[in-house]
>>> print(open('structure-v5.csv').read())   # CSV, C-alpha atoms
chain,number,residue,atom,x,y,z
A,96,GLY,CA,-4.3,-17.3,-20.3
A,97,GLU,CA,-7.2,-18.2,-18.2
A,98,ASN,CA,-10.7,-16.9,-19.0
A,99,VAL,CA,-13.5,-17.1,-16.4
A,100,GLU,CA,-17.1,-16.6,-17.4
A,101,GLN,CA,-19.8,-16.0,-14.8
A,102,HIS,CA,-23.6,-16.1,-15.0
A,103,PRO,CA,-26.0,-14.5,-14.2
A,104,SER,CA,-24.8,-11.0,-13.9
A,105,THR,CA,-27.7,-10.1,-11.6
A,106,LEU,CA,-29.9,-12.4,-9.5
A,107,SER,CA,-32.9,-11.5,-7.4
A,108,VAL,CA,-34.3,-14.1,-5.0
A,109,GLN,CA,-36.9,-14.0,-2.2
A,110,GLU,CA,-35.6,-14.4,1.3
A,111,GLY,CA,-35.4,-18.1,2.2
A,112,ASP,CA,-35.0,-19.2,-1.4
A,113,SER,CA,-31.8,-20.7,-2.9
A,114,ALA,CA,-29.4,-18.9,-5.2
A,115,VAL,CA,-27.1,-20.5,-7.7
A,116,ILE,CA,-24.2,-18.8,-9.5
A,117,LYS,CA,-22.3,-20.6,-12.2
A,118,CYS,CA,-18.8,-20.2,-13.7
A,119,THR,CA,-16.8,-21.8,-16.4
A,120,TYR,CA,-13.1,-21.6,-16.9
A,121,SER,CA,-10.8,-22.3,-19.8
A,122,ASP,CA,-7.4,-23.3,-18.5
A,123,SER,CA,-7.2,-27.0,-17.6
A,124,ALA,CA,-4.1,-26.1,-15.4
A,125,SER,CA,-6.4,-24.2,-13.0
A,126,ASN,CA,-6.9,-26.2,-9.8
A,127,TYR,CA,-8.0,-23.7,-7.2
A,128,PHE,CA,-11.4,-22.0,-7.3
A,129,PRO,CA,-12.3,-19.5,-4.7
A,130,TRP,CA,-15.5,-17.5,-4.4
A,131,TYR,CA,-15.5,-13.9,-3.1
A,132,LYS,CA,-18.2,-11.7,-1.7
A,133,GLN,CA,-17.9,-8.0,-2.1
A,134,GLU,CA,-20.0,-5.6,-0.2
A,135,LEU,CA,-20.4,-2.0,-1.3
A,136,GLY,CA,-17.2,0.0,-0.8
A,137,LYS,CA,-15.2,-3.0,0.5
A,138,GLY,CA,-12.7,-5.4,-0.7
A,139,PRO,CA,-13.5,-8.9,-1.8
A,140,GLN,CA,-13.8,-11.4,1.0
A,141,LEU,CA,-13.3,-15.1,0.6
A,142,ILE,CA,-16.4,-17.1,1.5
A,143,ILE,CA,-15.5,-20.6,0.2
A,144,ASP,CA,-13.0,-22.3,-2.0
A,145,ILE,CA,-12.5,-25.6,-3.6
A,146,ARG,CA,-9.6,-27.5,-5.1
A,147,SER,CA,-9.6,-29.8,-8.1
A,148,ASN,CA,-9.2,-33.0,-6.1
A,149,VAL,CA,-12.6,-32.3,-4.5
A,150,GLY,CA,-16.0,-32.3,-6.2
A,151,GLU,CA,-18.1,-30.6,-3.6
A,152,LYS,CA,-17.5,-28.5,-0.4
A,153,LYS,CA,-20.1,-27.2,2.0
A,154,ASP,CA,-19.9,-24.6,4.8
A,155,GLN,CA,-23.3,-24.1,6.5
A,156,ARG,CA,-25.6,-22.4,3.9
A,157,ILE,CA,-22.9,-22.2,1.3
A,158,ALA,CA,-21.7,-24.9,-1.0
A,159,VAL,CA,-19.5,-25.1,-4.1
A,160,THR,CA,-19.5,-27.8,-6.7
A,161,LEU,CA,-16.8,-28.5,-9.3
A,162,ASN,CA,-16.9,-30.4,-12.5
A,163,LYS,CA,-13.3,-30.5,-13.7
A,164,THR,CA,-14.1,-32.4,-16.9
A,165,ALA,CA,-16.6,-29.8,-18.0
A,166,LYS,CA,-14.5,-27.0,-16.5
A,167,HIS,CA,-17.3,-25.4,-14.5
A,168,PHE,CA,-18.0,-24.7,-10.9
A,169,SER,CA,-21.0,-23.3,-9.1
A,170,LEU,CA,-21.9,-21.5,-5.8
A,171,HIS,CA,-25.1,-22.5,-4.0
A,172,ILE,CA,-26.5,-20.4,-1.2
A,173,THR,CA,-29.5,-21.9,0.6
A,174,GLU,CA,-32.0,-20.2,2.9
A,175,THR,CA,-30.9,-16.8,1.6
A,176,GLN,CA,-31.0,-13.8,4.0
A,177,PRO,CA,-31.0,-10.1,3.2
A,178,GLU,CA,-27.4,-9.9,4.4
A,179,ASP,CA,-26.4,-12.2,1.6
A,180,SER,CA,-27.1,-9.3,-0.8
A,181,ALA,CA,-23.7,-8.4,-2.4
A,182,VAL,CA,-21.6,-9.0,-5.5
A,183,TYR,CA,-20.2,-12.4,-5.7
A,184,PHE,CA,-17.1,-13.2,-7.8
A,185,CYS,CA,-15.8,-16.6,-8.8
A,186,ALA,CA,-12.1,-17.0,-9.6
A,187,ALA,CA,-9.7,-19.6,-10.9
A,188,SER,CA,-6.0,-20.0,-10.4
A,189,PRO,CA,-3.2,-22.6,-10.9
A,190,SER,CA,-1.9,-23.3,-7.4
A,191,GLY,CA,1.8,-23.7,-8.0
A,192,ALA,CA,4.1,-22.1,-5.6
A,193,GLY,CA,4.5,-18.4,-6.2
A,194,SER,CA,1.4,-18.2,-8.3
A,195,TYR,CA,-2.2,-17.7,-7.2
A,196,GLN,CA,-2.7,-15.2,-9.9
A,197,LEU,CA,-6.5,-15.2,-9.6
A,198,THR,CA,-8.6,-14.6,-12.8
A,199,PHE,CA,-12.0,-13.3,-11.7
A,200,GLY,CA,-15.4,-13.6,-13.3
A,201,LYS,CA,-17.3,-10.4,-14.0
A,202,GLY,CA,-19.4,-10.8,-10.8
A,203,THR,CA,-23.0,-11.5,-9.9
A,204,LYS,CA,-25.0,-8.9,-8.1
A,205,LEU,CA,-27.3,-10.9,-5.7
A,206,SER,CA,-30.3,-9.2,-4.2
A,207,VAL,CA,-32.3,-11.0,-1.5
A,208,ILE,CA,-35.7,-9.5,-1.2
A,209,PRO,CA,-37.2,-9.6,2.3
B,1090,GLU,CA,-8.2,-10.6,13.3
B,1091,PRO,CA,-5.3,-9.7,11.0
B,1092,GLU,CA,-6.1,-7.6,8.0
B,1093,VAL,CA,-4.6,-5.9,5.1
B,1094,THR,CA,-4.7,-2.1,5.4
B,1095,GLN,CA,-4.5,0.4,2.6
B,1096,THR,CA,-4.0,4.1,2.3
B,1097,PRO,CA,-5.3,6.4,1.1
B,1098,SER,CA,-8.9,5.3,0.9
B,1099,HIS,CA,-9.5,7.8,-1.9
B,1100,GLN,CA,-7.1,9.9,-3.9
B,1101,VAL,CA,-7.9,12.5,-6.6
B,1102,THR,CA,-5.1,13.5,-8.9
B,1103,GLN,CA,-4.5,15.4,-12.1
B,1104,MET,CA,-3.6,13.5,-15.3
B,1105,GLY,CA,0.1,13.2,-15.6
B,1106,GLN,CA,0.8,13.3,-11.9
B,1107,GLU,CA,2.5,10.5,-9.9
B,1108,VAL,CA,0.6,8.5,-7.4
B,1109,ILE,CA,1.7,6.2,-4.7
B,1110,LEU,CA,-0.7,3.8,-3.1
B,1111,ARG,CA,0.3,2.1,0.1
B,1112,CYS,CA,-0.5,-1.2,1.7
B,1113,VAL,CA,0.4,-3.0,4.9
B,1114,PRO,CA,0.0,-6.7,4.3
B,1115,ILE,CA,-0.7,-9.2,7.0
B,1116,SER,CA,2.5,-9.4,9.0
B,1117,ASN,CA,3.6,-13.1,8.5
B,1118,HIS,CA,2.6,-13.2,4.8
B,1119,LEU,CA,5.2,-13.5,2.1
B,1120,TYR,CA,3.2,-13.1,-1.2
B,1121,PHE,CA,1.8,-9.7,-2.1
B,1122,TYR,CA,-0.5,-8.6,-4.9
B,1123,TRP,CA,-2.1,-5.6,-6.5
B,1124,TYR,CA,-5.4,-5.9,-8.3
B,1125,ARG,CA,-7.6,-3.2,-9.7
B,1126,GLN,CA,-11.3,-2.8,-10.3
B,1127,ILE,CA,-12.7,-0.3,-12.7
B,1128,LEU,CA,-16.1,0.8,-11.6
B,1129,GLY,CA,-18.7,-1.9,-12.4
B,1130,GLN,CA,-16.2,-4.3,-13.9
B,1131,LYS,CA,-14.4,-7.3,-12.7
B,1132,VAL,CA,-11.3,-7.4,-10.5
B,1133,GLU,CA,-8.2,-7.6,-12.6
B,1134,PHE,CA,-4.8,-8.9,-11.6
B,1135,LEU,CA,-1.9,-6.4,-11.9
B,1136,VAL,CA,1.2,-7.9,-10.2
B,1137,SER,CA,2.4,-10.4,-7.7
B,1138,PHE,CA,5.5,-9.9,-5.6
B,1139,TYR,CA,7.6,-12.4,-3.7
B,1140,ASN,CA,11.0,-12.4,-2.2
B,1141,ASN,CA,11.5,-8.7,-3.1
B,1142,GLU,CA,10.8,-9.1,-6.7
B,1143,ILE,CA,8.0,-9.3,-9.1
B,1144,SER,CA,6.9,-12.9,-9.8
B,1145,GLU,CA,4.1,-12.2,-12.3
B,1146,LYS,CA,2.6,-9.2,-13.9
B,1147,SER,CA,-0.3,-8.7,-16.3
B,1148,GLU,CA,-0.4,-6.7,-19.6
B,1149,ILE,CA,-2.0,-3.8,-17.6
B,1150,PHE,CA,1.2,-3.5,-15.5
B,1151,ASP,CA,3.2,-1.5,-18.0
B,1152,ASP,CA,6.2,0.8,-17.5
B,1153,GLN,CA,4.1,3.4,-15.8
B,1154,PHE,CA,3.6,1.0,-12.9
B,1155,SER,CA,6.1,-0.1,-10.3
B,1156,VAL,CA,5.9,-1.8,-6.9
B,1157,GLU,CA,8.2,-1.7,-4.0
B,1158,ARG,CA,8.6,-3.1,-0.5
B,1159,PRO,CA,10.6,-0.3,1.0
B,1160,ASP,CA,10.7,-1.8,4.5
B,1161,GLY,CA,9.5,-4.9,6.3
B,1162,SER,CA,5.9,-3.8,6.5
B,1163,ASN,CA,4.8,-1.6,3.5
B,1164,PHE,CA,4.1,-2.6,0.0
B,1165,THR,CA,3.5,0.2,-2.5
B,1166,LEU,CA,2.2,0.7,-6.0
B,1167,LYS,CA,3.4,3.7,-7.9
B,1168,ILE,CA,1.8,5.0,-11.0
B,1169,ARG,CA,4.4,7.3,-12.6
B,1170,SER,CA,2.2,9.5,-14.9
B,1171,THR,CA,-1.5,8.9,-14.4
B,1172,LYS,CA,-3.9,8.6,-17.2
B,1173,LEU,CA,-7.7,9.0,-17.1
B,1174,GLU,CA,-8.1,5.3,-17.6
B,1175,ASP,CA,-6.1,4.6,-14.4
B,1176,SER,CA,-9.2,5.7,-12.5
B,1177,ALA,CA,-10.2,2.6,-10.5
B,1178,MET,CA,-10.3,0.9,-7.1
B,1179,TYR,CA,-6.9,-0.6,-6.4
B,1180,PHE,CA,-6.8,-3.6,-4.0
B,1181,CYS,CA,-3.8,-4.9,-2.3
B,1182,ALA,CA,-3.8,-8.6,-1.2
B,1183,SER,CA,-1.5,-10.9,0.7
B,1184,ARG,CA,-1.1,-14.6,1.1
B,1185,GLY,CA,0.6,-16.8,3.7
B,1186,THR,CA,3.4,-19.1,2.8
B,1187,PRO,CA,2.2,-22.7,2.9
B,1188,LEU,CA,2.3,-24.2,-0.6
B,1189,HIS,CA,-1.3,-25.3,-0.7
B,1190,THR,CA,-3.0,-22.4,1.1
B,1191,GLY,CA,-4.6,-20.2,-1.5
B,1192,GLU,CA,-6.6,-17.7,0.4
B,1193,LEU,CA,-5.8,-14.1,-0.6
B,1194,PHE,CA,-6.7,-11.5,1.9
B,1195,PHE,CA,-7.8,-8.3,0.3
B,1196,GLY,CA,-7.6,-4.8,1.7
B,1197,GLU,CA,-10.6,-2.4,1.5
B,1198,GLY,CA,-9.1,-0.7,-1.5
B,1199,SER,CA,-7.8,2.7,-2.6
B,1200,ARG,CA,-10.1,4.6,-4.9
B,1201,LEU,CA,-8.1,6.6,-7.5
B,1202,THR,CA,-9.7,9.3,-9.5
B,1203,VAL,CA,-7.7,10.9,-12.3
B,1204,LEU,CA,-9.1,14.2,-13.6
>>> encode(input="structure-v5.csv", output="structure tokens")
Amino acid sequence: GENVEQHPSTLSVQEGDSAVIKCTYSDSASNYFPWYKQELGKGPQLIIDIRSNVGEKKDQRIAVTLNKTAKHFSLHITETQPEDSAVYFCAASPSGAGSYQLTFGKGTKLSVIP
Amino acid sequence: EPEVTQTPSHQVTQMGQEVILRCVPISNHLYFYWYRQILGQKVEFLVSFYNNEISEKSEIFDDQFSVERPDGSNFTLKIRSTKLEDSAMYFCASRGTPLHTGELFFGEGSRLTVL
């Protein structure tokens, strides 16, 4: 089955700096890679996703890059703000019909210091 | 904005007791999921459900677990005889039907504490 590794487990940045979180996956059949943000006491919320036919995707301060050959993908947050503080999870899934069994990484606790 | 709702938000039970966790997925969604998260650990897939049957399940989802969609709106997870290690946050999620839409919408979770 799929195995997703995520680094770092914790990350502290100064407000305004950039944050980068990296993930690797093992199953070459995976072609859908979402990133979730989980705030304390809440469920994971999708913030951005990317499919294997795309190398990079950007949404305002958030971007995701994918290297399918190397089987890794990364989340980039620029101009970080205190409200970006949360646990971020990467995930991978094959996107065939009826699937979307997401395999999550272990999470990265991001702290943005004002 | 449509959302997945879960009840109860927190349940405390004695080991060996049966527990039912309830979820109301987003109304036009057809794929339903249960995930769990043991405190401080990653979110783990339990089971997916489509067209009134289980489509995939993980090794965690053993004979003690079952899912049901008893009516057109609710999706339930039953744990027949709870164990201490079942203590976790259980998340329900749902997904819409288009083949290439992958977004899972998660509920806020039900925290289960087994004593």
>>> interface_residues(input="structure-v5.csv", of="chain B", to="chain A", cutoff="9 Å", atoms="only C-alpha atoms", output="number ranges by chain")
B: 1120, 1122, 1129-1134, 1136-1139, 1144-1146, 1180, 1184, 1186-1198
>>> write_last_selection(input="structure-v5.csv", atoms="C-alpha atoms", output="compact mmCIF listing (two decimals), keeping the file's coordinate frame")
# COMPACT_ATOMS: atom_id res chain seq x y z
CA TYR B 1120 3.20 -13.10 -1.20
CA TYR B 1122 -0.50 -8.60 -4.90
CA GLY B 1129 -18.70 -1.90 -12.40
CA GLN B 1130 -16.20 -4.30 -13.90
CA LYS B 1131 -14.40 -7.30 -12.70
CA VAL B 1132 -11.30 -7.40 -10.50
CA GLU B 1133 -8.20 -7.60 -12.60
CA PHE B 1134 -4.80 -8.90 -11.60
CA VAL B 1136 1.20 -7.90 -10.20
CA SER B 1137 2.40 -10.40 -7.70
CA PHE B 1138 5.50 -9.90 -5.60
CA TYR B 1139 7.60 -12.40 -3.70
CA SER B 1144 6.90 -12.90 -9.80
CA GLU B 1145 4.10 -12.20 -12.30
CA LYS B 1146 2.60 -9.20 -13.90
CA PHE B 1180 -6.80 -3.60 -4.00
CA ARG B 1184 -1.10 -14.60 1.10
CA THR B 1186 3.40 -19.10 2.80
CA PRO B 1187 2.20 -22.70 2.90
CA LEU B 1188 2.30 -24.20 -0.60
CA HIS B 1189 -1.30 -25.30 -0.70
CA THR B 1190 -3.00 -22.40 1.10
CA GLY B 1191 -4.60 -20.20 -1.50
CA GLU B 1192 -6.60 -17.70 0.40
CA LEU B 1193 -5.80 -14.10 -0.60
CA PHE B 1194 -6.70 -11.50 1.90
CA PHE B 1195 -7.80 -8.30 0.30
CA GLY B 1196 -7.60 -4.80 1.70
CA GLU B 1197 -10.60 -2.40 1.50
CA GLY B 1198 -9.10 -0.70 -1.50
>>> residues_near_point(input="structure-v5.csv", point="(-21.7, -26.2, -4.0)", cutoff="12 Å", atoms="all atoms listed in the file", output="number ranges by chain")
A: 113-118, 128-130, 142-145, 149-162, 167-173
>>> atom_distance(input="structure-v5.csv", atom1="CA of Lys163 in chain A", atom2="CA of Tyr120 in chain A")
9.5 Å
>>> atom_distance(input="structure-v5.csv", atom1="CA of Ile1115 in chain B", atom2="CA of Glu1142 in chain B")
17.9 Å
>>> atom_distance(input="structure-v5.csv", atom1="CA of Gly1161 in chain B", atom2="CA of His1099 in chain B")
24.3 Å
>>> build_atoms(input="structure-v5.csv", residues="range 1131-1152 of chain B", atoms="N, CA, C and O atoms", output="mmCIF file, in the coordinates of the input")
data_model
loop_
_atom_site.group_PDB
_atom_site.id
_atom_site.type_symbol
_atom_site.label_atom_id
_atom_site.label_comp_id
_atom_site.auth_asym_id
_atom_site.auth_seq_id
_atom_site.Cartn_x
_atom_site.Cartn_y
_atom_site.Cartn_z
ATOM 1 N N LYS B 1131 -14.934 -6.285 -13.499
ATOM 2 C CA LYS B 1131 -14.400 -7.300 -12.700
ATOM 3 C C LYS B 1131 -13.022 -6.916 -12.091
ATOM 4 O O LYS B 1131 -12.383 -5.987 -12.547
ATOM 5 N N VAL B 1132 -12.638 -7.634 -11.086
ATOM 6 C CA VAL B 1132 -11.300 -7.400 -10.500
ATOM 7 C C VAL B 1132 -10.257 -8.001 -11.376
ATOM 8 O O VAL B 1132 -10.373 -9.145 -11.823
ATOM 9 N N GLU B 1133 -9.227 -7.205 -11.639
ATOM 10 C CA GLU B 1133 -8.200 -7.600 -12.600
ATOM 11 C C GLU B 1133 -6.822 -7.684 -11.890
ATOM 12 O O GLU B 1133 -6.454 -6.766 -11.147
ATOM 13 N N PHE B 1134 -6.092 -8.715 -12.171
ATOM 14 C CA PHE B 1134 -4.800 -8.900 -11.600
ATOM 15 C C PHE B 1134 -3.779 -7.884 -12.247
ATOM 16 O O PHE B 1134 -3.784 -7.676 -13.468
ATOM 17 N N LEU B 1135 -2.963 -7.273 -11.417
ATOM 18 C CA LEU B 1135 -1.900 -6.400 -11.900
ATOM 19 C C LEU B 1135 -0.532 -7.049 -11.759
ATOM 20 O O LEU B 1135 0.213 -7.195 -12.730
ATOM 21 N N VAL B 1136 -0.206 -7.414 -10.512
ATOM 22 C CA VAL B 1136 1.200 -7.900 -10.200
ATOM 23 C C VAL B 1136 1.203 -8.683 -8.967
ATOM 24 O O VAL B 1136 0.404 -8.490 -8.062
ATOM 25 N N SER B 1137 2.137 -9.632 -8.939
ATOM 26 C CA SER B 1137 2.400 -10.400 -7.700
ATOM 27 C C SER B 1137 3.887 -10.182 -7.350
ATOM 28 O O SER B 1137 4.737 -9.972 -8.234
ATOM 29 N N PHE B 1138 4.185 -10.279 -6.084
ATOM 30 C CA PHE B 1138 5.500 -9.900 -5.600
ATOM 31 C C PHE B 1138 5.899 -10.891 -4.483
ATOM 32 O O PHE B 1138 5.131 -11.166 -3.561
ATOM 33 N N TYR B 1139 7.083 -11.450 -4.640
ATOM 34 C CA TYR B 1139 7.600 -12.400 -3.700
ATOM 35 C C TYR B 1139 9.066 -12.339 -3.567
ATOM 36 O O TYR B 1139 9.751 -12.191 -4.586
ATOM 37 N N ASN B 1140 9.593 -12.393 -2.372
ATOM 38 C CA ASN B 1140 11.000 -12.400 -2.200
ATOM 39 C C ASN B 1140 11.690 -11.173 -2.792
ATOM 40 O O ASN B 1140 12.734 -11.263 -3.441
ATOM 41 N N ASN B 1141 11.024 -10.034 -2.605
ATOM 42 C CA ASN B 1141 11.500 -8.700 -3.100
ATOM 43 C C ASN B 1141 11.655 -8.590 -4.564
ATOM 44 O O ASN B 1141 12.462 -7.779 -5.059
ATOM 45 N N GLU B 1142 10.874 -9.361 -5.294
ATOM 46 C CA GLU B 1142 10.800 -9.100 -6.700
ATOM 47 C C GLU B 1142 9.477 -9.517 -7.292
ATOM 48 O O GLU B 1142 8.716 -10.266 -6.672
ATOM 49 N N ILE B 1143 9.205 -8.964 -8.468
ATOM 50 C CA ILE B 1143 8.000 -9.300 -9.100
ATOM 51 C C ILE B 1143 8.005 -10.719 -9.630
ATOM 52 O O ILE B 1143 8.977 -11.146 -10.268
ATOM 53 N N SER B 1144 6.966 -11.497 -9.309
ATOM 54 C CA SER B 1144 6.900 -12.900 -9.800
ATOM 55 C C SER B 1144 6.035 -13.022 -11.014
ATOM 56 O O SER B 1144 6.327 -13.837 -11.892
ATOM 57 N N GLU B 1145 4.977 -12.224 -11.088
ATOM 58 C CA GLU B 1145 4.100 -12.200 -12.300
ATOM 59 C C GLU B 1145 3.548 -10.826 -12.447
ATOM 60 O O GLU B 1145 3.344 -10.111 -11.470
ATOM 61 N N LYS B 1146 3.270 -10.466 -13.694
ATOM 62 C CA LYS B 1146 2.600 -9.200 -13.900
ATOM 63 C C LYS B 1146 1.683 -9.385 -15.162
ATOM 64 O O LYS B 1146 1.956 -10.204 -16.033
ATOM 65 N N SER B 1147 0.627 -8.585 -15.218
ATOM 66 C CA SER B 1147 -0.300 -8.700 -16.300
ATOM 67 C C SER B 1147 0.084 -7.608 -17.386
ATOM 68 O O SER B 1147 0.966 -6.773 -17.168
ATOM 69 N N GLU B 1148 -0.662 -7.650 -18.493
ATOM 70 C CA GLU B 1148 -0.400 -6.700 -19.600
ATOM 71 C C GLU B 1148 -0.753 -5.252 -19.104
ATOM 72 O O GLU B 1148 -0.237 -4.280 -19.649
ATOM 73 N N ILE B 1149 -1.624 -5.136 -18.115
ATOM 74 C CA ILE B 1149 -2.000 -3.800 -17.600
ATOM 75 C C ILE B 1149 -0.795 -3.152 -16.944
ATOM 76 O O ILE B 1149 -0.611 -1.935 -17.000
ATOM 77 N N PHE B 1150 0.023 -3.952 -16.325
ATOM 78 C CA PHE B 1150 1.200 -3.500 -15.500
ATOM 79 C C PHE B 1150 2.298 -3.086 -16.464
ATOM 80 O O PHE B 1150 3.265 -3.841 -16.625
ATOM 81 N N ASP B 1151 2.176 -1.906 -17.087
ATOM 82 C CA ASP B 1151 3.200 -1.500 -18.000
ATOM 83 C C ASP B 1151 4.278 -0.648 -17.321
ATOM 84 O O ASP B 1151 4.335 -0.626 -16.087
ATOM 85 N N ASP B 1152 5.094 0.024 -18.098
ATOM 86 C CA ASP B 1152 6.200 0.800 -17.500
ATOM 87 C C ASP B 1152 5.839 1.912 -16.630
ATOM 88 O O ASP B 1152 6.683 2.470 -15.925
#
